[in-house]
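Here is target-v7.cif, consisting of mmCIF, N, CA and C atoms:
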```cif
data_data
#
loop_
_atom_site.label_atom_id
_atom_site.label_comp_id
_atom_site.auth_asym_id
_atom_site.auth_seq_id
_atom_site.Cartn_x
_atom_site.Cartn_y
_atom_site.Cartn_z
N MET A 1 34.63 62.21 149.95
CA MET A 1 33.75 61.30 149.28
C MET A 1 32.32 61.60 149.70
N LYS A 2 31.44 61.80 148.76
CA LYS A 2 30.04 62.06 149.05
C LYS A 2 29.37 60.78 149.53
N SER A 3 28.35 60.95 150.30
CA SER A 3 27.58 59.78 150.73
C SER A 3 26.10 60.06 150.52
N THR A 4 25.50 59.31 149.61
CA THR A 4 24.08 59.50 149.34
C THR A 4 23.23 58.56 150.17
N ASP A 5 23.86 57.51 150.70
CA ASP A 5 23.14 56.52 151.48
C ASP A 5 24.03 56.11 152.64
N SER A 6 23.48 56.16 153.86
CA SER A 6 24.29 55.82 155.02
C SER A 6 24.55 54.32 155.11
N ARG A 7 23.79 53.51 154.39
CA ARG A 7 23.99 52.06 154.42
C ARG A 7 25.11 51.68 153.45
N LYS A 8 25.93 50.72 153.89
CA LYS A 8 26.99 50.21 153.02
C LYS A 8 26.39 49.16 152.10
N LYS A 9 26.81 49.20 150.85
CA LYS A 9 26.36 48.21 149.89
C LYS A 9 27.55 47.33 149.53
N LEU A 10 27.26 46.15 149.03
CA LEU A 10 28.34 45.28 148.57
C LEU A 10 28.85 45.72 147.20
N TYR A 11 27.94 46.13 146.33
CA TYR A 11 28.30 46.51 144.97
C TYR A 11 27.67 47.84 144.60
N TYR A 12 28.40 48.61 143.82
CA TYR A 12 27.94 49.91 143.36
C TYR A 12 28.05 49.96 141.84
N SER A 13 27.12 50.63 141.20
CA SER A 13 27.19 50.82 139.75
C SER A 13 28.19 51.93 139.43
N ILE A 14 28.57 52.04 138.18
CA ILE A 14 29.54 53.06 137.79
C ILE A 14 28.97 54.46 138.04
N SER A 15 27.67 54.63 137.84
CA SER A 15 27.08 55.96 138.08
C SER A 15 27.09 56.30 139.56
N GLU A 16 26.87 55.31 140.42
CA GLU A 16 26.93 55.55 141.87
C GLU A 16 28.36 55.89 142.30
N VAL A 17 29.33 55.17 141.74
CA VAL A 17 30.73 55.42 142.08
C VAL A 17 31.15 56.80 141.57
N ALA A 18 30.69 57.15 140.38
CA ALA A 18 31.00 58.47 139.83
C ALA A 18 30.48 59.56 140.76
N GLU A 19 29.29 59.37 141.27
CA GLU A 19 28.72 60.36 142.19
C GLU A 19 29.46 60.36 143.53
N LEU A 20 29.72 59.17 144.07
CA LEU A 20 30.41 59.08 145.37
C LEU A 20 31.80 59.70 145.34
N THR A 21 32.51 59.48 144.25
CA THR A 21 33.89 59.96 144.15
C THR A 21 34.00 61.31 143.45
N GLU A 22 32.87 61.84 143.01
CA GLU A 22 32.84 63.11 142.27
C GLU A 22 33.78 63.06 141.08
N THR A 23 33.66 61.97 140.32
CA THR A 23 34.47 61.72 139.14
C THR A 23 33.53 61.28 138.02
N LYS A 24 33.79 61.69 136.82
CA LYS A 24 32.94 61.31 135.68
C LYS A 24 33.12 59.83 135.36
N ALA A 25 32.06 59.20 134.87
CA ALA A 25 32.10 57.77 134.53
C ALA A 25 33.15 57.49 133.45
N TYR A 26 33.28 58.38 132.46
CA TYR A 26 34.25 58.14 131.41
C TYR A 26 35.68 58.19 131.95
N VAL A 27 35.91 58.97 132.99
CA VAL A 27 37.23 59.03 133.63
C VAL A 27 37.50 57.71 134.35
N LEU A 28 36.49 57.17 135.01
CA LEU A 28 36.65 55.88 135.69
C LEU A 28 36.98 54.79 134.69
N ARG A 29 36.32 54.79 133.54
CA ARG A 29 36.60 53.78 132.51
C ARG A 29 38.02 53.96 131.97
N PHE A 30 38.45 55.20 131.79
CA PHE A 30 39.81 55.48 131.33
C PHE A 30 40.83 54.98 132.35
N TRP A 31 40.59 55.25 133.62
CA TRP A 31 41.52 54.82 134.67
C TRP A 31 41.64 53.31 134.73
N GLU A 32 40.57 52.59 134.39
CA GLU A 32 40.64 51.13 134.35
C GLU A 32 41.71 50.66 133.36
N LYS A 33 41.84 51.39 132.27
CA LYS A 33 42.85 51.04 131.25
C LYS A 33 44.25 51.41 131.72
N GLU A 34 44.36 52.48 132.47
CA GLU A 34 45.66 53.01 132.88
C GLU A 34 46.22 52.39 134.16
N PHE A 35 45.35 51.93 135.04
CA PHE A 35 45.77 51.39 136.33
C PHE A 35 45.35 49.93 136.43
N PRO A 36 46.31 49.02 136.27
CA PRO A 36 45.98 47.59 136.26
C PRO A 36 45.32 47.10 137.55
N THR A 37 45.53 47.79 138.65
CA THR A 37 44.94 47.35 139.92
C THR A 37 43.45 47.70 140.01
N LEU A 38 42.99 48.58 139.15
CA LEU A 38 41.57 48.97 139.15
C LEU A 38 40.83 48.08 138.16
N LYS A 39 40.25 47.02 138.66
CA LYS A 39 39.53 46.07 137.83
C LYS A 39 38.20 45.71 138.47
N PRO A 40 37.18 46.53 138.26
CA PRO A 40 35.88 46.17 138.83
C PRO A 40 35.33 44.93 138.11
N LYS A 41 34.59 44.14 138.85
CA LYS A 41 33.95 42.97 138.25
C LYS A 41 32.81 43.45 137.36
N LYS A 42 32.30 42.53 136.56
CA LYS A 42 31.14 42.84 135.73
C LYS A 42 30.04 41.84 136.04
N ASN A 43 28.81 42.33 135.99
CA ASN A 43 27.68 41.44 136.24
C ASN A 43 27.32 40.70 134.95
N ARG A 44 26.28 39.92 134.99
CA ARG A 44 25.88 39.13 133.81
C ARG A 44 25.58 40.01 132.61
N GLY A 45 25.08 41.18 132.86
CA GLY A 45 24.75 42.10 131.78
C GLY A 45 25.96 42.84 131.23
N GLY A 46 27.14 42.62 131.84
CA GLY A 46 28.36 43.28 131.39
C GLY A 46 28.59 44.64 132.03
N ASN A 47 27.74 45.01 132.98
CA ASN A 47 27.91 46.30 133.66
C ASN A 47 28.93 46.17 134.78
N ARG A 48 29.72 47.23 134.95
CA ARG A 48 30.73 47.24 136.02
C ARG A 48 30.04 47.28 137.37
N ILE A 49 30.59 46.48 138.30
CA ILE A 49 30.11 46.53 139.68
C ILE A 49 31.33 46.73 140.58
N TYR A 50 31.31 47.83 141.30
CA TYR A 50 32.43 48.23 142.14
C TYR A 50 32.18 47.84 143.58
N GLN A 51 33.26 47.48 144.28
CA GLN A 51 33.20 47.21 145.70
C GLN A 51 33.94 48.33 146.43
N GLU A 52 33.86 48.31 147.75
CA GLU A 52 34.51 49.36 148.56
C GLU A 52 35.98 49.52 148.21
N ARG A 53 36.69 48.41 148.01
CA ARG A 53 38.14 48.51 147.74
C ARG A 53 38.41 49.26 146.44
N GLU A 54 37.56 49.08 145.43
CA GLU A 54 37.74 49.85 144.19
C GLU A 54 37.45 51.32 144.41
N ILE A 55 36.46 51.62 145.22
CA ILE A 55 36.14 53.02 145.52
C ILE A 55 37.29 53.68 146.26
N GLN A 56 37.88 52.97 147.22
CA GLN A 56 39.03 53.50 147.94
C GLN A 56 40.21 53.73 146.98
N LEU A 57 40.42 52.79 146.06
CA LEU A 57 41.49 52.93 145.09
C LEU A 57 41.24 54.13 144.18
N ILE A 58 40.02 54.31 143.75
CA ILE A 58 39.67 55.46 142.90
C ILE A 58 39.95 56.76 143.64
N ASN A 59 39.58 56.82 144.90
CA ASN A 59 39.86 58.03 145.68
C ASN A 59 41.37 58.26 145.82
N ARG A 60 42.13 57.19 145.98
CA ARG A 60 43.60 57.31 146.07
C ARG A 60 44.17 57.81 144.75
N ILE A 61 43.70 57.24 143.64
CA ILE A 61 44.17 57.68 142.31
C ILE A 61 43.83 59.16 142.12
N LYS A 62 42.62 59.53 142.47
CA LYS A 62 42.18 60.92 142.33
C LYS A 62 43.08 61.85 143.14
N THR A 63 43.40 61.46 144.36
CA THR A 63 44.28 62.26 145.21
C THR A 63 45.67 62.39 144.59
N LEU A 64 46.21 61.26 144.12
CA LEU A 64 47.55 61.30 143.52
C LEU A 64 47.58 62.21 142.30
N LEU A 65 46.57 62.12 141.46
CA LEU A 65 46.56 62.90 140.22
C LEU A 65 46.21 64.37 140.43
N TYR A 66 45.15 64.62 141.17
CA TYR A 66 44.62 65.98 141.25
C TYR A 66 45.16 66.81 142.41
N GLU A 67 45.46 66.16 143.53
CA GLU A 67 45.93 66.92 144.69
C GLU A 67 47.45 66.90 144.81
N GLU A 68 48.05 65.73 144.55
CA GLU A 68 49.49 65.62 144.71
C GLU A 68 50.25 65.88 143.42
N GLY A 69 49.54 66.01 142.31
CA GLY A 69 50.14 66.43 141.05
C GLY A 69 50.94 65.38 140.30
N TYR A 70 50.70 64.11 140.58
CA TYR A 70 51.41 63.05 139.87
C TYR A 70 50.87 62.90 138.45
N THR A 71 51.74 62.45 137.55
CA THR A 71 51.29 62.04 136.23
C THR A 71 50.66 60.66 136.38
N ILE A 72 50.04 60.16 135.33
CA ILE A 72 49.45 58.83 135.40
C ILE A 72 50.53 57.79 135.69
N GLU A 73 51.66 57.89 135.02
CA GLU A 73 52.76 56.95 135.26
C GLU A 73 53.27 57.08 136.69
N GLY A 74 53.40 58.29 137.17
CA GLY A 74 53.86 58.50 138.55
C GLY A 74 52.88 57.94 139.56
N ALA A 75 51.60 58.14 139.31
CA ALA A 75 50.57 57.60 140.21
C ALA A 75 50.60 56.07 140.18
N ARG A 76 50.79 55.52 138.99
CA ARG A 76 50.89 54.07 138.85
C ARG A 76 52.06 53.53 139.69
N GLN A 77 53.20 54.21 139.63
CA GLN A 77 54.37 53.81 140.40
C GLN A 77 54.12 53.94 141.90
N GLN A 78 53.44 55.01 142.30
CA GLN A 78 53.12 55.19 143.72
C GLN A 78 52.23 54.06 144.23
N LEU A 79 51.24 53.69 143.43
CA LEU A 79 50.36 52.60 143.83
C LEU A 79 51.12 51.29 143.91
N LYS A 80 52.04 51.10 142.97
CA LYS A 80 52.85 49.87 142.96
C LYS A 80 53.73 49.81 144.21
N SER A 81 54.39 50.90 144.54
CA SER A 81 55.25 50.91 145.73
C SER A 81 54.42 50.82 147.00
N HIS A 82 53.23 51.38 146.97
CA HIS A 82 52.33 51.30 148.12
C HIS A 82 51.95 49.85 148.39
N ARG A 83 51.70 49.08 147.34
CA ARG A 83 51.36 47.66 147.50
C ARG A 83 52.53 46.90 148.09
N SER A 84 53.76 47.24 147.69
CA SER A 84 54.92 46.51 148.19
C SER A 84 55.26 46.89 149.63
N LEU A 85 54.69 47.97 150.13
CA LEU A 85 54.96 48.41 151.50
C LEU A 85 53.81 48.08 152.45
N LYS A 86 52.99 47.11 152.11
CA LYS A 86 51.83 46.79 152.95
C LYS A 86 52.21 46.49 154.38
N LEU A 87 53.36 45.86 154.58
CA LEU A 87 53.78 45.54 155.95
C LEU A 87 54.14 46.80 156.73
N VAL A 88 54.55 47.84 156.03
CA VAL A 88 54.96 49.07 156.68
C VAL A 88 53.76 50.01 156.85
N LYS A 89 52.68 49.76 156.17
CA LYS A 89 51.53 50.64 156.17
C LYS A 89 51.03 51.00 157.57
N PRO A 90 50.88 50.06 158.50
CA PRO A 90 50.42 50.45 159.83
C PRO A 90 51.35 51.45 160.51
N ALA A 91 52.65 51.34 160.29
CA ALA A 91 53.59 52.30 160.87
C ALA A 91 53.37 53.69 160.28
N ALA A 92 53.04 53.75 159.00
CA ALA A 92 52.79 55.04 158.37
C ALA A 92 51.58 55.72 159.00
N LYS A 93 50.55 54.94 159.29
CA LYS A 93 49.37 55.52 159.92
C LYS A 93 49.70 55.97 161.34
N ALA A 94 50.52 55.20 162.02
CA ALA A 94 50.85 55.53 163.40
C ALA A 94 51.65 56.83 163.48
N THR A 95 52.60 57.02 162.58
CA THR A 95 53.41 58.23 162.62
C THR A 95 52.73 59.40 161.94
N GLY A 96 52.00 59.09 160.86
CA GLY A 96 51.32 60.15 160.13
C GLY A 96 52.28 61.03 159.34
N ASN A 97 53.55 60.62 159.23
CA ASN A 97 54.54 61.45 158.57
C ASN A 97 55.37 60.59 157.62
N SER A 98 55.31 60.89 156.33
CA SER A 98 55.99 60.05 155.35
C SER A 98 57.51 60.15 155.46
N SER A 99 58.06 61.30 155.84
CA SER A 99 59.51 61.41 155.98
C SER A 99 60.00 60.57 157.15
N GLU A 100 59.21 60.50 158.20
CA GLU A 100 59.54 59.64 159.33
C GLU A 100 59.52 58.18 158.92
N LEU A 101 58.56 57.83 158.09
CA LEU A 101 58.46 56.46 157.59
C LEU A 101 59.67 56.11 156.74
N ARG A 102 60.10 57.03 155.89
CA ARG A 102 61.29 56.79 155.07
C ARG A 102 62.52 56.53 155.93
N LYS A 103 62.66 57.29 157.01
CA LYS A 103 63.79 57.10 157.92
C LYS A 103 63.75 55.70 158.53
N LYS A 104 62.55 55.27 158.93
CA LYS A 104 62.41 53.94 159.52
C LYS A 104 62.75 52.85 158.50
N ILE A 105 62.30 53.04 157.28
CA ILE A 105 62.59 52.06 156.24
C ILE A 105 64.10 51.98 156.00
N ARG A 106 64.77 53.13 155.93
CA ARG A 106 66.23 53.14 155.74
C ARG A 106 66.93 52.42 156.88
N ALA A 107 66.46 52.65 158.11
CA ALA A 107 67.07 52.00 159.27
C ALA A 107 66.89 50.48 159.20
N VAL A 108 65.70 50.04 158.79
CA VAL A 108 65.45 48.59 158.66
C VAL A 108 66.34 48.01 157.57
N ARG A 109 66.46 48.71 156.46
CA ARG A 109 67.33 48.23 155.37
C ARG A 109 68.77 48.10 155.84
N THR A 110 69.23 49.09 156.57
CA THR A 110 70.60 49.05 157.09
C THR A 110 70.79 47.85 158.01
N GLU A 111 69.82 47.63 158.88
CA GLU A 111 69.90 46.47 159.79
C GLU A 111 69.93 45.16 159.02
N ILE A 112 69.12 45.06 158.00
CA ILE A 112 69.09 43.83 157.19
C ILE A 112 70.43 43.62 156.49
N LYS A 113 70.98 44.70 155.93
CA LYS A 113 72.28 44.58 155.27
C LYS A 113 73.36 44.14 156.27
N ASP A 114 73.33 44.71 157.46
CA ASP A 114 74.30 44.33 158.49
C ASP A 114 74.14 42.86 158.86
N LEU A 115 72.90 42.39 158.99
CA LEU A 115 72.67 40.99 159.30
C LEU A 115 73.16 40.07 158.18
N LEU A 116 72.93 40.49 156.95
CA LEU A 116 73.39 39.69 155.81
C LEU A 116 74.92 39.58 155.81
N LYS A 117 75.59 40.66 156.18
CA LYS A 117 77.06 40.63 156.23
C LYS A 117 77.53 39.66 157.31
N LEU A 118 76.81 39.60 158.42
CA LEU A 118 77.16 38.69 159.50
C LEU A 118 77.07 37.22 159.07
N PHE A 119 76.06 36.92 158.26
CA PHE A 119 75.83 35.53 157.88
C PHE A 119 76.53 35.13 156.60
N SER A 120 77.19 36.03 155.92
CA SER A 120 77.87 35.64 154.68
C SER A 120 79.34 35.46 154.86
#
```
In structure tokens, how does this file's structure come out?
Amino acid sequence: MKSTDSRKKLYYSISEVAELTETKAYVLRFWEKEFPTLKPKKNRGGNRIYQEREIQLINRIKTLLYEEGYTIEGARQQLKSHRSLKLVKPAAKATGNSSELRKKIRAVRTEIKDLLKLFS
């Protein structure tokens, strides 16, 4: 992500976000239609105003599409599953390995199933 200003701002215009993320403005507008989680607010004039969380989401979408090779639908699914794994997210950062994270998730699921069997 490029940085033109070392100071953090609360809101960024679409042109600033396009420059920061090295993505064209028309692509950002298209992604708004394709990714329901990408919903920048609009000011009184109707212009989009982006916050840090939208910029982070745009960078994640860009990574999924351009670096990891997902289709738009696949990227949408990845973002959806990522939201549902928020509780597991810190463990993913700690291990830094997605296959390790999958193993941990499977182990937790197995434990939960075993507990459910005990109580039923």
Enumerate, as a PyMOL selection string, the complete set of residues in region 1-115 of chain A that a backbone-based DSSP assignment places in alpha helix (DSSP H).
-> chain A and resi 14-21+25-34+52-62+72-84+89-95+98-115
Would you please work out which residue, of A:Leu57, A:Ile72, A:Leu64, A:Ile14, is nearest to Lys33 (chain A) when using only C-alpha atoms?
-> A:Ile72
Looking only at strand (DSSP E) from DSSP on the backbone, list the matching residues of region 29-111 of chain A as a VMD selection string.
-> chain A and resid 41 to 42 48 to 49
Could the residues in this selection be written to a file with N, CA and C atoms, as an mmCIF file, in the frame of the given file?
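Done, and the output landed in again.cif:
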```cif
data_model
loop_
_atom_site.group_PDB
_atom_site.id
_atom_site.type_symbol
_atom_site.label_atom_id
_atom_site.label_comp_id
_atom_site.auth_asym_id
_atom_site.auth_seq_id
_atom_site.Cartn_x
_atom_site.Cartn_y
_atom_site.Cartn_z
ATOM 1 N N LYS A 41 34.590 44.140 138.850
ATOM 2 C CA LYS A 41 33.950 42.970 138.250
ATOM 3 C C LYS A 41 32.810 43.450 137.360
ATOM 4 N N LYS A 42 32.300 42.530 136.560
ATOM 5 C CA LYS A 42 31.140 42.840 135.730
ATOM 6 C C LYS A 42 30.040 41.840 136.040
ATOM 7 N N ARG A 48 29.720 47.230 134.950
ATOM 8 C CA ARG A 48 30.730 47.240 136.020
ATOM 9 C C ARG A 48 30.040 47.280 137.370
ATOM 10 N N ILE A 49 30.590 46.480 138.300
ATOM 11 C CA ILE A 49 30.110 46.530 139.680
ATOM 12 C C ILE A 49 31.330 46.730 140.580
#
```
Shell of 9 Å around Glu52 (chain A), only C-alpha atoms, local chain residues under 5 positions omitted, as a VMD selection string = chain A and resid 8 to 12 57
Evaluate the PyMOL selection byres (((chain A and resi 73 and name CA) around 12) and name CA) and report residues as a ChimeraX atom specification | /A:31,34-36,61,64-65,69-72,74-80
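Of the listed residues (A:Glu19, A:Ser98, A:Tyr26, A:Ile58), A:Ile58 comes nearest to Lys39 (chain A); the distances count only C-alpha atoms.
This file gives the following result for the PyMOL selection byres ((chain A and resi 49) around 6.5): Tyr11, Tyr12, Ser13, Ile14, Pro40, Lys41, Lys42, Asn43, Asn47, Arg48, Tyr50 and Gln51 of chain A.
When CA of Arg53 (chain A) is paired with CA of Lys24 (chain A), their separation reads 18.3 Å.
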Atomic separation - atom N of Glu67 (chain A) relative to CA of Glu100 (chain A), Å = 22.1 Å
